[in-house]
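What follows is input.pdb (PDB, C-alpha atoms).
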ATOM      1  CA  MET A  20     -64.573 -43.359  -3.070
ATOM      2  CA  SER A  21     -66.020 -45.027  -6.150
ATOM      3  CA  GLN A  22     -63.989 -47.101  -8.586
ATOM      4  CA  ALA A  23     -61.914 -45.075 -11.043
ATOM      5  CA  ARG A  24     -63.462 -44.758 -14.465
ATOM      6  CA  PHE A  25     -62.332 -43.305 -17.786
ATOM      7  CA  ASN A  26     -64.888 -41.292 -19.740
ATOM      8  CA  PRO A  27     -63.625 -40.556 -23.281
ATOM      9  CA  ASP A  28     -66.799 -38.585 -23.988
ATOM     10  CA  GLY A  29     -66.551 -36.571 -20.760
ATOM     11  CA  PRO A  30     -66.978 -32.805 -20.369
ATOM     12  CA  LEU A  31     -63.363 -32.203 -21.429
ATOM     13  CA  LYS A  32     -63.563 -34.154 -24.696
ATOM     14  CA  GLY A  33     -61.711 -32.300 -27.428
ATOM     15  CA  ARG A  34     -59.936 -29.946 -25.025
ATOM     16  CA  VAL A  35     -56.175 -29.650 -24.664
ATOM     17  CA  ALA A  36     -54.795 -29.365 -21.140
ATOM     18  CA  LEU A  37     -51.232 -28.291 -20.354
ATOM     19  CA  VAL A  38     -50.120 -29.180 -16.811
ATOM     20  CA  THR A  39     -46.777 -28.096 -15.366
ATOM     21  CA  GLY A  40     -44.973 -29.850 -12.535
ATOM     22  CA  ALA A  41     -46.544 -33.061 -13.816
ATOM     23  CA  SER A  42     -43.917 -35.725 -13.145
ATOM     24  CA  ARG A  43     -45.205 -36.647  -9.696
ATOM     25  CA  GLY A  44     -47.506 -35.719  -6.832
ATOM     26  CA  ILE A  45     -50.238 -33.163  -7.359
ATOM     27  CA  GLY A  46     -49.343 -32.471 -10.991
ATOM     28  CA  GLU A  47     -49.516 -36.148 -11.916
ATOM     29  CA  ALA A  48     -52.886 -36.487 -10.156
ATOM     30  CA  ILE A  49     -54.273 -33.453 -12.001
ATOM     31  CA  CYS A  50     -53.160 -34.921 -15.333
ATOM     32  CA  ALA A  51     -54.964 -38.171 -14.534
ATOM     33  CA  ARG A  52     -58.164 -36.390 -13.465
ATOM     34  CA  LEU A  53     -58.362 -34.222 -16.576
ATOM     35  CA  ALA A  54     -57.515 -37.115 -18.896
ATOM     36  CA  GLN A  55     -60.221 -39.320 -17.470
ATOM     37  CA  GLU A  56     -62.803 -36.724 -18.481
ATOM     38  CA  GLY A  57     -61.618 -36.748 -22.097
ATOM     39  CA  ALA A  58     -58.920 -34.059 -22.214
ATOM     40  CA  LYS A  59     -55.783 -34.485 -24.281
ATOM     41  CA  VAL A  60     -53.088 -33.851 -21.707
ATOM     42  CA  VAL A  61     -49.628 -32.391 -22.185
ATOM     43  CA  ALA A  62     -47.580 -33.074 -19.066
ATOM     44  CA  SER A  63     -44.473 -30.984 -18.441
ATOM     45  CA  ALA A  64     -41.689 -30.956 -15.855
ATOM     46  CA  ARG A  65     -37.897 -31.248 -15.651
ATOM     47  CA  THR A  66     -37.900 -34.994 -14.927
ATOM     48  CA  ALA A  67     -38.751 -37.003 -18.031
ATOM     49  CA  GLU A  68     -37.084 -40.347 -17.354
ATOM     50  CA  SER A  69     -35.977 -42.327 -14.318
ATOM     51  CA  GLY A  70     -32.594 -41.325 -12.923
ATOM     52  CA  GLU A  71     -33.039 -37.613 -13.691
ATOM     53  CA  SER A  72     -34.176 -36.714 -10.166
ATOM     54  CA  ARG A  73     -33.589 -37.918  -6.634
ATOM     55  CA  LEU A  74     -37.368 -37.939  -6.204
ATOM     56  CA  PRO A  75     -39.638 -40.726  -7.481
ATOM     57  CA  GLY A  76     -41.876 -40.052 -10.467
ATOM     58  CA  THR A  77     -41.301 -39.061 -14.091
ATOM     59  CA  LEU A  78     -43.223 -37.602 -16.992
ATOM     60  CA  GLN A  79     -42.974 -40.992 -18.661
ATOM     61  CA  ASP A  80     -44.768 -42.520 -15.662
ATOM     62  CA  THR A  81     -47.535 -39.915 -15.856
ATOM     63  CA  VAL A  82     -48.134 -40.460 -19.568
ATOM     64  CA  GLU A  83     -48.042 -44.252 -19.240
ATOM     65  CA  ARG A  84     -50.568 -44.114 -16.391
ATOM     66  CA  ILE A  85     -52.995 -42.203 -18.580
ATOM     67  CA  GLY A  86     -52.367 -44.362 -21.643
ATOM     68  CA  LYS A  87     -53.021 -47.600 -19.754
ATOM     69  CA  ALA A  88     -56.426 -46.264 -18.717
ATOM     70  CA  GLY A  89     -57.325 -45.379 -22.305
ATOM     71  CA  GLY A  90     -56.582 -41.671 -22.197
ATOM     72  CA  GLU A  91     -54.437 -39.541 -24.476
ATOM     73  CA  ALA A  92     -51.332 -37.789 -23.184
ATOM     74  CA  ALA A  93     -47.835 -36.724 -24.158
ATOM     75  CA  PHE A  94     -44.997 -35.149 -22.259
ATOM     76  CA  ILE A  95     -42.650 -32.255 -22.988
ATOM     77  CA  LYS A  96     -39.604 -31.836 -20.793
ATOM     78  CA  ALA A  97     -39.010 -28.163 -19.968
ATOM     79  CA  ASP A  98     -37.234 -25.987 -17.429
ATOM     80  CA  LEU A  99     -39.720 -23.249 -16.562
ATOM     81  CA  ALA A 100     -36.975 -21.051 -15.150
ATOM     82  CA  GLN A 101     -36.022 -20.274 -18.769
ATOM     83  CA  ALA A 102     -38.173 -18.023 -20.969
ATOM     84  CA  SER A 103     -37.121 -19.862 -24.125
ATOM     85  CA  GLU A 104     -38.187 -23.167 -22.572
ATOM     86  CA  ARG A 105     -41.624 -21.777 -21.714
ATOM     87  CA  GLU A 106     -42.063 -20.556 -25.281
ATOM     88  CA  ARG A 107     -40.944 -23.906 -26.667
ATOM     89  CA  LEU A 108     -43.314 -25.731 -24.335
ATOM     90  CA  VAL A 109     -46.385 -23.900 -25.621
ATOM     91  CA  GLU A 110     -45.229 -24.154 -29.246
ATOM     92  CA  GLU A 111     -44.691 -27.922 -29.002
ATOM     93  CA  ALA A 112     -47.922 -28.511 -27.068
ATOM     94  CA  THR A 113     -49.833 -26.621 -29.760
ATOM     95  CA  ALA A 114     -48.093 -28.595 -32.490
ATOM     96  CA  LEU A 115     -49.070 -31.859 -30.765
ATOM     97  CA  TYR A 116     -52.745 -31.294 -30.058
ATOM     98  CA  GLY A 117     -53.719 -27.762 -31.059
ATOM     99  CA  PRO A 118     -54.113 -24.553 -29.024
ATOM    100  CA  VAL A 119     -54.223 -24.984 -25.255
ATOM    101  CA  ASP A 120     -57.722 -24.796 -23.741
ATOM    102  CA  ILE A 121     -56.702 -25.471 -20.132
ATOM    103  CA  LEU A 122     -53.497 -24.296 -18.445
ATOM    104  CA  ILE A 123     -52.653 -25.632 -14.980
ATOM    105  CA  ASN A 124     -49.725 -23.811 -13.372
ATOM    106  CA  ASN A 125     -48.554 -26.266 -10.740
ATOM    107  CA  ALA A 126     -44.750 -26.277 -11.069
ATOM    108  CA  ALA A 127     -42.761 -24.894  -8.154
ATOM    109  CA  ILE A 128     -39.286 -24.819  -6.706
ATOM    110  CA  THR A 129     -39.111 -24.021  -3.013
ATOM    111  CA  TYR A 130     -36.453 -23.241  -0.451
ATOM    112  CA  PHE A 131     -37.255 -22.736   3.225
ATOM    113  CA  ILE A 132     -34.620 -20.273   4.440
ATOM    114  CA  PRO A 133     -35.012 -17.286   6.822
ATOM    115  CA  VAL A 134     -35.105 -13.916   5.034
ATOM    116  CA  GLU A 135     -31.863 -12.767   6.632
ATOM    117  CA  GLU A 136     -29.990 -15.695   5.077
ATOM    118  CA  PHE A 137     -31.903 -16.079   1.798
ATOM    119  CA  PRO A 138     -29.521 -16.075  -1.216
ATOM    120  CA  GLU A 139     -30.424 -13.712  -4.041
ATOM    121  CA  LYS A 140     -29.983 -16.470  -6.635
ATOM    122  CA  ARG A 141     -32.528 -18.730  -4.933
ATOM    123  CA  PHE A 142     -34.935 -15.845  -4.354
ATOM    124  CA  LYS A 143     -34.893 -14.975  -8.052
ATOM    125  CA  LEU A 144     -35.294 -18.631  -9.052
ATOM    126  CA  MET A 145     -38.380 -19.042  -6.844
ATOM    127  CA  MET A 146     -39.931 -15.853  -8.211
ATOM    128  CA  GLU A 147     -39.161 -16.924 -11.783
ATOM    129  CA  VAL A 148     -40.724 -20.389 -11.470
ATOM    130  CA  GLN A 149     -43.610 -19.673  -9.108
ATOM    131  CA  VAL A 150     -44.680 -16.192 -10.265
ATOM    132  CA  TYR A 151     -43.249 -15.184 -13.617
ATOM    133  CA  ALA A 152     -43.593 -18.591 -15.286
ATOM    134  CA  PRO A 153     -47.391 -18.730 -14.681
ATOM    135  CA  PHE A 154     -47.577 -15.098 -15.853
ATOM    136  CA  HIS A 155     -45.599 -15.811 -19.031
ATOM    137  CA  LEU A 156     -47.347 -19.096 -19.836
ATOM    138  CA  SER A 157     -50.687 -17.322 -19.470
ATOM    139  CA  GLN A 158     -49.522 -14.664 -21.927
ATOM    140  CA  LEU A 159     -48.580 -17.400 -24.370
ATOM    141  CA  VAL A 160     -51.862 -19.339 -24.253
ATOM    142  CA  ILE A 161     -54.407 -16.507 -24.004
ATOM    143  CA  PRO A 162     -54.404 -15.667 -27.753
ATOM    144  CA  GLY A 163     -55.333 -19.252 -28.636
ATOM    145  CA  MET A 164     -58.014 -19.342 -25.962
ATOM    146  CA  ARG A 165     -59.457 -16.084 -27.238
ATOM    147  CA  ASP A 166     -59.540 -17.408 -30.797
ATOM    148  CA  LYS A 167     -61.397 -20.537 -29.618
ATOM    149  CA  GLY A 168     -63.908 -18.523 -27.614
ATOM    150  CA  ALA A 169     -63.081 -19.920 -24.175
ATOM    151  CA  GLY A 170     -60.259 -20.917 -21.864
ATOM    152  CA  TRP A 171     -59.439 -22.021 -18.333
ATOM    153  CA  ILE A 172     -56.348 -21.154 -16.269
ATOM    154  CA  VAL A 173     -55.916 -22.678 -12.816
ATOM    155  CA  ASN A 174     -53.012 -21.641 -10.612
ATOM    156  CA  ILE A 175     -52.000 -23.849  -7.686
ATOM    157  CA  SER A 176     -51.357 -21.878  -4.519
ATOM    158  CA  SER A 177     -50.889 -22.710  -0.826
ATOM    159  CA  PRO A 178     -52.127 -21.627   2.602
ATOM    160  CA  ALA A 179     -48.618 -20.148   2.904
ATOM    161  CA  GLY A 180     -50.010 -17.151   1.000
ATOM    162  CA  ILE A 181     -52.116 -16.173   4.029
ATOM    163  CA  HIS A 182     -50.595 -13.420   6.185
ATOM    164  CA  PRO A 183     -49.116 -14.713   9.463
ATOM    165  CA  LYS A 184     -50.938 -13.555  12.573
ATOM    166  CA  GLN A 185     -49.922 -13.268  16.185
ATOM    167  CA  PRO A 186     -49.099 -15.088  18.332
ATOM    168  CA  TYR A 187     -46.188 -16.020  16.075
ATOM    169  CA  GLY A 188     -44.748 -19.500  16.367
ATOM    170  CA  PRO A 189     -41.234 -20.519  15.425
ATOM    171  CA  GLY A 190     -40.576 -19.689  11.764
ATOM    172  CA  ARG A 191     -39.550 -22.266   9.178
ATOM    173  CA  GLY A 192     -38.175 -19.836   6.652
ATOM    174  CA  GLY A 193     -41.357 -19.802   4.578
ATOM    175  CA  THR A 194     -41.614 -16.053   3.990
ATOM    176  CA  VAL A 195     -40.433 -16.120   0.378
ATOM    177  CA  TYR A 196     -42.668 -19.091  -0.432
ATOM    178  CA  GLY A 197     -45.664 -17.267   1.038
ATOM    179  CA  MET A 198     -44.692 -14.145  -0.877
ATOM    180  CA  CYS A 199     -44.671 -16.056  -4.161
ATOM    181  CA  LYS A 200     -48.092 -17.572  -3.511
ATOM    182  CA  ALA A 201     -49.611 -14.247  -2.463
ATOM    183  CA  ALA A 202     -48.296 -12.691  -5.687
ATOM    184  CA  LEU A 203     -49.683 -15.593  -7.723
ATOM    185  CA  GLU A 204     -53.127 -15.130  -6.173
ATOM    186  CA  ARG A 205     -53.218 -11.386  -6.855
ATOM    187  CA  PHE A 206     -52.050 -11.989 -10.429
ATOM    188  CA  SER A 207     -54.834 -14.536 -10.903
ATOM    189  CA  THR A 208     -57.683 -12.311  -9.759
ATOM    190  CA  GLY A 209     -56.332  -9.400 -11.791
ATOM    191  CA  LEU A 210     -56.005 -11.503 -14.927
ATOM    192  CA  ALA A 211     -59.513 -12.891 -14.381
ATOM    193  CA  SER A 212     -60.877  -9.354 -14.615
ATOM    194  CA  GLU A 213     -58.834  -8.586 -17.741
ATOM    195  CA  VAL A 214     -59.906 -11.635 -19.760
ATOM    196  CA  TYR A 215     -63.489 -11.974 -18.505
ATOM    197  CA  ALA A 216     -64.901 -10.527 -21.736
ATOM    198  CA  ASP A 217     -62.944 -13.163 -23.669
ATOM    199  CA  ASN A 218     -64.723 -15.984 -21.806
ATOM    200  CA  ILE A 219     -61.494 -17.095 -20.139
ATOM    201  CA  ALA A 220     -61.675 -18.229 -16.513
ATOM    202  CA  VAL A 221     -58.733 -17.711 -14.161
ATOM    203  CA  ASN A 222     -58.858 -19.284 -10.724
ATOM    204  CA  VAL A 223     -56.645 -20.314  -7.830
ATOM    205  CA  VAL A 224     -56.913 -23.425  -5.700
ATOM    206  CA  SER A 225     -54.810 -24.558  -2.763
ATOM    207  CA  PRO A 226     -54.496 -28.170  -1.642
ATOM    208  CA  GLY A 227     -54.625 -29.328   1.905
ATOM    209  CA  LEU A 228     -51.535 -31.051   3.256
ATOM    210  CA  VAL A 229     -50.919 -33.801   0.696
ATOM    211  CA  ASP A 230     -48.422 -36.636   1.041
ATOM    212  CA  THR A 231     -46.271 -36.076  -2.044
ATOM    213  CA  PRO A 232     -42.546 -36.568  -2.712
ATOM    214  CA  GLY A 233     -41.975 -32.816  -2.524
ATOM    215  CA  VAL A 234     -43.741 -32.514   0.813
ATOM    216  CA  ALA A 235     -41.661 -35.398   2.129
ATOM    217  CA  VAL A 236     -38.407 -33.691   1.131
ATOM    218  CA  HIS A 237     -39.302 -30.646   3.228
ATOM    219  CA  GLY A 238     -40.512 -32.726   6.173
ATOM    220  CA  LEU A 239     -43.910 -31.033   6.246
ATOM    221  CA  ILE A 240     -45.736 -34.116   7.533
ATOM    222  CA  ASN A 241     -44.898 -34.877  11.151
ATOM    223  CA  GLU A 242     -46.620 -35.752  14.425
ATOM    224  CA  ALA A 243     -48.057 -32.254  14.700
ATOM    225  CA  THR A 244     -49.445 -32.135  11.159
ATOM    226  CA  LYS A 245     -50.280 -35.742  10.184
ATOM    227  CA  SER A 246     -53.936 -35.330  11.203
ATOM    228  CA  ARG A 247     -54.311 -32.688   8.462
ATOM    229  CA  VAL A 248     -53.115 -34.888   5.604
ATOM    230  CA  GLN A 249     -55.662 -34.924   2.776
ATOM    231  CA  PRO A 250     -56.051 -37.437  -0.065
ATOM    232  CA  ILE A 251     -54.580 -36.185  -3.330
ATOM    233  CA  GLU A 252     -57.944 -36.776  -5.034
ATOM    234  CA  TYR A 253     -59.307 -33.619  -3.360
ATOM    235  CA  ILE A 254     -56.981 -31.220  -5.140
ATOM    236  CA  ALA A 255     -57.284 -33.119  -8.433
ATOM    237  CA  GLU A 256     -61.084 -32.888  -8.264
ATOM    238  CA  ALA A 257     -61.022 -29.203  -7.317
ATOM    239  CA  VAL A 258     -58.794 -28.404 -10.294
ATOM    240  CA  TYR A 259     -61.057 -30.370 -12.637
ATOM    241  CA  ARG A 260     -64.114 -28.456 -11.426
ATOM    242  CA  LEU A 261     -62.404 -25.090 -11.913
ATOM    243  CA  ALA A 262     -61.094 -26.179 -15.327
ATOM    244  CA  SER A 263     -64.555 -27.139 -16.564
ATOM    245  CA  GLY A 264     -66.825 -24.484 -15.060
ATOM    246  CA  ASP A 265     -68.660 -21.657 -16.818
ATOM    247  CA  PRO A 266     -66.021 -18.943 -17.377
ATOM    248  CA  GLN A 267     -68.652 -16.281 -16.853
ATOM    249  CA  THR A 268     -69.571 -17.434 -13.359
ATOM    250  CA  VAL A 269     -66.627 -19.513 -12.088
ATOM    251  CA  THR A 270     -63.696 -17.119 -12.328
ATOM    252  CA  GLY A 271     -61.596 -14.873 -10.122
ATOM    253  CA  ARG A 272     -61.838 -17.327  -7.240
ATOM    254  CA  VAL A 273     -59.207 -18.158  -4.627
ATOM    255  CA  ASP A 274     -60.294 -21.491  -3.197
ATOM    256  CA  TYR A 275     -59.144 -24.331  -0.994
ATOM    257  CA  ALA A 276     -59.809 -27.806  -2.299
ATOM    258  CA  GLU A 277     -61.990 -29.361   0.393
ATOM    259  CA  PRO A 278     -64.227 -26.318   1.058
ATOM    260  CA  LEU A 279     -64.725 -25.878  -2.690
ATOM    261  CA  LEU A 280     -65.899 -29.480  -3.082
ATOM    262  CA  LYS A 281     -68.269 -29.061  -0.137
ATOM    263  CA  GLU A 282     -69.675 -25.892  -1.715
ATOM    264  CA  LEU A 283     -70.240 -27.753  -4.981
ATOM    265  CA  ASN A 284     -71.566 -30.800  -3.112
ATOM    266  CA  VAL A 285     -69.293 -33.224  -4.962
ATOM    267  CA  GLU A 286     -67.139 -36.091  -3.802
ATOM    268  CA  PRO A 287     -63.665 -36.460  -5.294
ATOM    269  CA  ALA A 288     -63.523 -39.097  -8.015
ATOM    270  CA  ALA A 289     -61.118 -42.000  -7.801
ATOM    271  CA  LEU A 290     -58.178 -41.467 -10.127
ATOM    272  CA  ILE A 291     -57.257 -43.665 -13.076
TER     273      ILE A 291
END

The structure given in the file should be rewritten as structure tokens.
Amino acid sequence: MSQARFNPDGPLKGRVALVTGASRGIGEAICARLAQEGAKVVASARTAESGESRLPGTLQDTVERIGKAGGEAAFIKADLAQASERERLVEEATALYGPVDILINNAAITYFIPVEEFPEKRFKLMMEVQVYAPFHLSQLVIPGMRDKGAGWIVNISSPAGIHPKQPYGPGRGGTVYGMCKAALERFSTGLASEVYADNIAVNVVSPGLVDTPGVAVHGLINEATKSRVQPIEYIAEAVYRLASGDPQTVTGRVDYAEPLLKELNVEPAALI
């Protein structure tokens, strides 16, 4: 991988990118990748400062990382489980930098519990954050995108959205998670068809298995899966490509990071 470089006059110069779930892991990497191509980045999550989460990483860290490299970024703390917080997020992002050009729906809250034991409260929270929040945020940013003549929405999914097939192995309680991701994918392709005439692209991309704090909490990397671990640069690059493509030709796609990069014949860039 080449040395990381910051390009203030890159393809995203002048564009405003709003990234959710941006305090650590994949969201932080996406913020860095978009910023290094000239985007003004608004990073959002529930963890703004150290001590607010048991996991490492904060919005302050994300913004400082971008600033040190020469990019422009700000953070807005928000709880995407609340409609009023989603509305405030878009209002404040617009007040900071102008209407959102690029929306990356990455935030998630996940519980792995068998269906028989799944609490209603947690089910509704997962659906709110992983399905309705991307839906609502899209509603909020589409008018501004339409007024500007273009827009890009990228929703982060997972292989969990694929239907299980026999022979079935031992379950890990991932049915609700898979359900959320399948719903997100169908929403994305449907929205892509609705806003195509407005020159707004809507796409989905799934990472491989990435070593992030969230993945560590759920114990998803083990002896059986460690050979599938993929550098975080792959998903960051895939998102950048989908967030900068021609909305008339690169839309309505459900992709996986590594195959997409192979199709485009690009190597993931080192991150700032």

Evaluating the PyMOL selection byres ((chain A and resi 201-209) around 10) on the displayed file yields which residues, as an mmCIF file with C-alpha atoms, in the coordinates of the input?
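Produced file part.cif, reproduced below:
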data_model
loop_
_atom_site.group_PDB
_atom_site.id
_atom_site.type_symbol
_atom_site.label_atom_id
_atom_site.label_comp_id
_atom_site.auth_asym_id
_atom_site.auth_seq_id
_atom_site.Cartn_x
_atom_site.Cartn_y
_atom_site.Cartn_z
ATOM 1 C CA ASN A 124 -49.725 -23.811 -13.372
ATOM 2 C CA MET A 146 -39.931 -15.853 -8.211
ATOM 3 C CA GLN A 149 -43.610 -19.673 -9.108
ATOM 4 C CA VAL A 150 -44.680 -16.192 -10.265
ATOM 5 C CA TYR A 151 -43.249 -15.184 -13.617
ATOM 6 C CA PRO A 153 -47.391 -18.730 -14.681
ATOM 7 C CA PHE A 154 -47.577 -15.098 -15.853
ATOM 8 C CA SER A 157 -50.687 -17.322 -19.470
ATOM 9 C CA ILE A 172 -56.348 -21.154 -16.269
ATOM 10 C CA VAL A 173 -55.916 -22.678 -12.816
ATOM 11 C CA ASN A 174 -53.012 -21.641 -10.612
ATOM 12 C CA ILE A 175 -52.000 -23.849 -7.686
ATOM 13 C CA SER A 176 -51.357 -21.878 -4.519
ATOM 14 C CA SER A 177 -50.889 -22.710 -0.826
ATOM 15 C CA PRO A 178 -52.127 -21.627 2.602
ATOM 16 C CA ALA A 179 -48.618 -20.148 2.904
ATOM 17 C CA GLY A 180 -50.010 -17.151 1.000
ATOM 18 C CA ILE A 181 -52.116 -16.173 4.029
ATOM 19 C CA HIS A 182 -50.595 -13.420 6.185
ATOM 20 C CA VAL A 195 -40.433 -16.120 0.378
ATOM 21 C CA TYR A 196 -42.668 -19.091 -0.432
ATOM 22 C CA GLY A 197 -45.664 -17.267 1.038
ATOM 23 C CA MET A 198 -44.692 -14.145 -0.877
ATOM 24 C CA CYS A 199 -44.671 -16.056 -4.161
ATOM 25 C CA LYS A 200 -48.092 -17.572 -3.511
ATOM 26 C CA LEU A 210 -56.005 -11.503 -14.927
ATOM 27 C CA ALA A 211 -59.513 -12.891 -14.381
ATOM 28 C CA SER A 212 -60.877 -9.354 -14.615
ATOM 29 C CA GLU A 213 -58.834 -8.586 -17.741
ATOM 30 C CA VAL A 214 -59.906 -11.635 -19.760
ATOM 31 C CA ALA A 220 -61.675 -18.229 -16.513
ATOM 32 C CA VAL A 221 -58.733 -17.711 -14.161
ATOM 33 C CA ASN A 222 -58.858 -19.284 -10.724
ATOM 34 C CA VAL A 223 -56.645 -20.314 -7.830
ATOM 35 C CA VAL A 224 -56.913 -23.425 -5.700
ATOM 36 C CA THR A 270 -63.696 -17.119 -12.328
ATOM 37 C CA GLY A 271 -61.596 -14.873 -10.122
ATOM 38 C CA ARG A 272 -61.838 -17.327 -7.240
ATOM 39 C CA VAL A 273 -59.207 -18.158 -4.627
#

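Interatomic distance, atom CA of Leu283 of chain A against atom CA of Arg43 of chain A: 27.0 Å.
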
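Closest approach to Gly90 of chain A among A:Ala51, A:Val269, A:Val160, A:Ala169: A:Ala51, based on all atoms listed in the file.
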
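This file, filtered with the PyMOL selection byres ((chain A and resi 64) around 9), gives the residues Val38, Thr39, Gly40, Ala41, Ser42, Ala62, Ser63, Arg65, Thr66, Ala67, Thr77, Leu78, Phe94, Ile95, Lys96, Ala97, Asp98, Leu99 and Ala126 of chain A.
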
Atoms to include: C-alpha atoms. Write the selected residues as a PDB file, keeping the file's coordinate frame.
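Written file, out.pdb:
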ATOM      1  CA  VAL A  38     -50.120 -29.180 -16.811  1.00  0.00           C
ATOM      2  CA  THR A  39     -46.777 -28.096 -15.366  1.00  0.00           C
ATOM      3  CA  GLY A  40     -44.973 -29.850 -12.535  1.00  0.00           C
ATOM      4  CA  ALA A  41     -46.544 -33.061 -13.816  1.00  0.00           C
ATOM      5  CA  SER A  42     -43.917 -35.725 -13.145  1.00  0.00           C
ATOM      6  CA  ALA A  62     -47.580 -33.074 -19.066  1.00  0.00           C
ATOM      7  CA  SER A  63     -44.473 -30.984 -18.441  1.00  0.00           C
ATOM      8  CA  ARG A  65     -37.897 -31.248 -15.651  1.00  0.00           C
ATOM      9  CA  THR A  66     -37.900 -34.994 -14.927  1.00  0.00           C
ATOM     10  CA  ALA A  67     -38.751 -37.003 -18.031  1.00  0.00           C
ATOM     11  CA  THR A  77     -41.301 -39.061 -14.091  1.00  0.00           C
ATOM     12  CA  LEU A  78     -43.223 -37.602 -16.992  1.00  0.00           C
ATOM     13  CA  PHE A  94     -44.997 -35.149 -22.259  1.00  0.00           C
ATOM     14  CA  ILE A  95     -42.650 -32.255 -22.988  1.00  0.00           C
ATOM     15  CA  LYS A  96     -39.604 -31.836 -20.793  1.00  0.00           C
ATOM     16  CA  ALA A  97     -39.010 -28.163 -19.968  1.00  0.00           C
ATOM     17  CA  ASP A  98     -37.234 -25.987 -17.429  1.00  0.00           C
ATOM     18  CA  LEU A  99     -39.720 -23.249 -16.562  1.00  0.00           C
ATOM     19  CA  ALA A 126     -44.750 -26.277 -11.069  1.00  0.00           C
TER      20      ALA A 126
END

**Study point:** Residues in the PyMOL selection byres ((chain A and resi 84-88) around 9), expressed as a PyMOL selection string
**Key:** chain A and resi 24-25+50-51+54-55+60+79-83+89-92+291

Can you write just those residues out, C-alpha atoms, as a CSV table (one decimal), in the frame of the given file?
chain,number,residue,atom,x,y,z
A,24,ARG,CA,-63.5,-44.8,-14.5
A,25,PHE,CA,-62.3,-43.3,-17.8
A,50,CYS,CA,-53.2,-34.9,-15.3
A,51,ALA,CA,-55.0,-38.2,-14.5
A,54,ALA,CA,-57.5,-37.1,-18.9
A,55,GLN,CA,-60.2,-39.3,-17.5
A,60,VAL,CA,-53.1,-33.9,-21.7
A,79,GLN,CA,-43.0,-41.0,-18.7
A,80,ASP,CA,-44.8,-42.5,-15.7
A,81,THR,CA,-47.5,-39.9,-15.9
A,82,VAL,CA,-48.1,-40.5,-19.6
A,83,GLU,CA,-48.0,-44.3,-19.2
A,89,GLY,CA,-57.3,-45.4,-22.3
A,90,GLY,CA,-56.6,-41.7,-22.2
A,91,GLU,CA,-54.4,-39.5,-24.5
A,92,ALA,CA,-51.3,-37.8,-23.2
A,291,ILE,CA,-57.3,-43.7,-13.1

For Arg141 of chain A: contacts at 12 Å, all atoms listed in the file, fewer than 3 positions along chain excluded, given as a tab-separated table (two decimals) with C-alpha atoms, keeping the file's coordinate frame:
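Generated output (selection.tsv):
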chain	number	residue	atom	x	y	z
A	100	ALA	CA	-36.98	-21.05	-15.15
A	128	ILE	CA	-39.29	-24.82	-6.71
A	129	THR	CA	-39.11	-24.02	-3.01
A	130	TYR	CA	-36.45	-23.24	-0.45
A	131	PHE	CA	-37.26	-22.74	3.22
A	132	ILE	CA	-34.62	-20.27	4.44
A	134	VAL	CA	-35.10	-13.92	5.03
A	136	GLU	CA	-29.99	-15.70	5.08
A	137	PHE	CA	-31.90	-16.08	1.80
A	138	PRO	CA	-29.52	-16.08	-1.22
A	144	LEU	CA	-35.29	-18.63	-9.05
A	145	MET	CA	-38.38	-19.04	-6.84
A	146	MET	CA	-39.93	-15.85	-8.21
A	147	GLU	CA	-39.16	-16.92	-11.78
A	148	VAL	CA	-40.72	-20.39	-11.47
A	149	GLN	CA	-43.61	-19.67	-9.11
A	195	VAL	CA	-40.43	-16.12	0.38
A	196	TYR	CA	-42.67	-19.09	-0.43

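Each of A:Pro186, A:Pro133, A:Gly163, A:Pro30 was compared to Glu110 of chain A using all atoms listed in the file, and A:Gly163 turns out to be the nearest.
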
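Proximity ranking of A:Gly46, A:Pro266, A:Gly227, A:Gly57 relative to Gly76 of chain A places A:Gly46 first, based on all atoms listed in the file.
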
Point to revise | Atom pair atom CA of Arg52 of chain A / atom CA of Val285 of chain A: separation (Å) | key: 14.4 Å

Would you pull segment 136-141 of chain A out of the block just shown and save N, CA, C and O atoms as a PDB file, in the first residue's frame?
ATOM      1  N   GLU A 136     -35.540 -15.831  22.444  1.00  0.00           N
ATOM      2  CA  GLU A 136     -35.212 -15.084  23.669  1.00  0.00           C
ATOM      3  C   GLU A 136     -35.064 -13.586  23.433  1.00  0.00           C
ATOM      4  O   GLU A 136     -34.785 -12.839  24.371  1.00  0.00           O
ATOM      5  N   PHE A 137     -35.244 -13.127  22.194  1.00  0.00           N
ATOM      6  CA  PHE A 137     -34.924 -11.738  21.856  1.00  0.00           C
ATOM      7  C   PHE A 137     -35.921 -10.776  22.499  1.00  0.00           C
ATOM      8  O   PHE A 137     -37.115 -10.824  22.222  1.00  0.00           O
ATOM      9  N   PRO A 138     -35.457  -9.830  23.333  1.00  0.00           N
ATOM     10  CA  PRO A 138     -36.374  -8.877  23.971  1.00  0.00           C
ATOM     11  C   PRO A 138     -36.939  -7.876  22.963  1.00  0.00           C
ATOM     12  O   PRO A 138     -36.223  -7.396  22.080  1.00  0.00           O
ATOM     13  N   GLU A 139     -38.198  -7.545  23.116  1.00  0.00           N
ATOM     14  CA  GLU A 139     -38.846  -6.603  22.212  1.00  0.00           C
ATOM     15  C   GLU A 139     -38.123  -5.253  22.189  1.00  0.00           C
ATOM     16  O   GLU A 139     -37.948  -4.648  21.121  1.00  0.00           O
ATOM     17  N   LYS A 140     -37.684  -4.791  23.355  1.00  0.00           N
ATOM     18  CA  LYS A 140     -37.021  -3.489  23.438  1.00  0.00           C
ATOM     19  C   LYS A 140     -35.767  -3.462  22.587  1.00  0.00           C
ATOM     20  O   LYS A 140     -35.506  -2.482  21.864  1.00  0.00           O
ATOM     21  N   ARG A 141     -34.959  -4.537  22.656  1.00  0.00           N
ATOM     22  CA  ARG A 141     -33.730  -4.576  21.869  1.00  0.00           C
ATOM     23  C   ARG A 141     -34.010  -4.758  20.379  1.00  0.00           C
ATOM     24  O   ARG A 141     -33.304  -4.207  19.528  1.00  0.00           O
TER      25      ARG A 141
END
